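Student: I have a structure I would like to understand better, so I am pasting it below and will then ask my questions one at a time.
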Amino acid sequence: ETASAVVLALTAAELLLRHCVRRLGGVTGDVFGALAETAAVTVLVVLSLG
């Protein structure tokens with residue numbers, strides 16, 4: 001259960017990173033913050049639904 005939450009969090013963060021690189025042409029500090037928040041929220045949601 002925990003491992004799947006981590007895998008899903010990494011997948012969500014990777015998708016967001018690819019989107020930001022495509023749209024913005026790179027990453028900024030705000031993007032890194034959004035990646036951390038996205039990963040954390042994804043883990044919490046998966047664990048709460050699990």
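By order in the structure tokens, chains are A, B, ...; within a chain, residues start at 1; ligands start at 1, following the order shown.
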Compile the contact shell of region 14-19 of chain A as a list in words: residues with an atom at most 9 Å away, counting only C-alpha atoms, same-chain residues fewer than 5 positions apart removed.
Tutor: Ala9, Leu24, Gly26, Val27, Val31, Phe32, Ala34, Leu35 and Thr38 of chain A
Student: Write out as a PyMOL selection string the residues lying within 8 Å of Thr42 (chain A), counting only C-alpha atoms and excluding same-chain residues fewer than 5 positions away.
Tutor: chain A and resi 5+8-9+12
Student: Would you save the residues from that selection as a tab-separated table (two decimals), in the first residue's frame, using N, CA and C atoms?
Tutor:
chain	number	residue	atom	x	y	z
A	5	ALA	N	1.53	4.04	-3.09
A	5	ALA	CA	1.33	5.48	-2.89
A	5	ALA	C	2.55	6.26	-3.36
A	8	LEU	N	2.68	6.17	-7.25
A	8	LEU	CA	1.69	7.09	-7.82
A	8	LEU	C	2.10	8.54	-7.61
A	9	ALA	N	2.69	8.85	-6.47
A	9	ALA	CA	3.15	10.22	-6.21
A	9	ALA	C	4.27	10.61	-7.18
A	12	ALA	N	2.70	11.19	-10.61
A	12	ALA	CA	1.99	12.47	-10.69
A	12	ALA	C	2.98	13.63	-10.79
Student: Nearest residue to Gly50 (chain A) out of A:Ala3, A:Ala36, A:Val21, A:Leu10, using only C-alpha atoms?
Tutor: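 Using only C-alpha atoms, Gly50 (chain A) sits closest to A:Ala3.
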Student: Tell me which protein, DNA and RNA residues are within 8 Å of Leu47 (chain A), counting only C-alpha atoms, leaving out same-chain ones fewer than 4 positions away, and put them as a ChimeraX atom specification.
Tutor: /A:1-2,5,43
Student: Rounded to one decimal in Å, what is the spacing between CA of Arg23 (chain A) and CA of Ala40 (chain A)?
Tutor: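 Distance between the two atoms: 22.8 Å.
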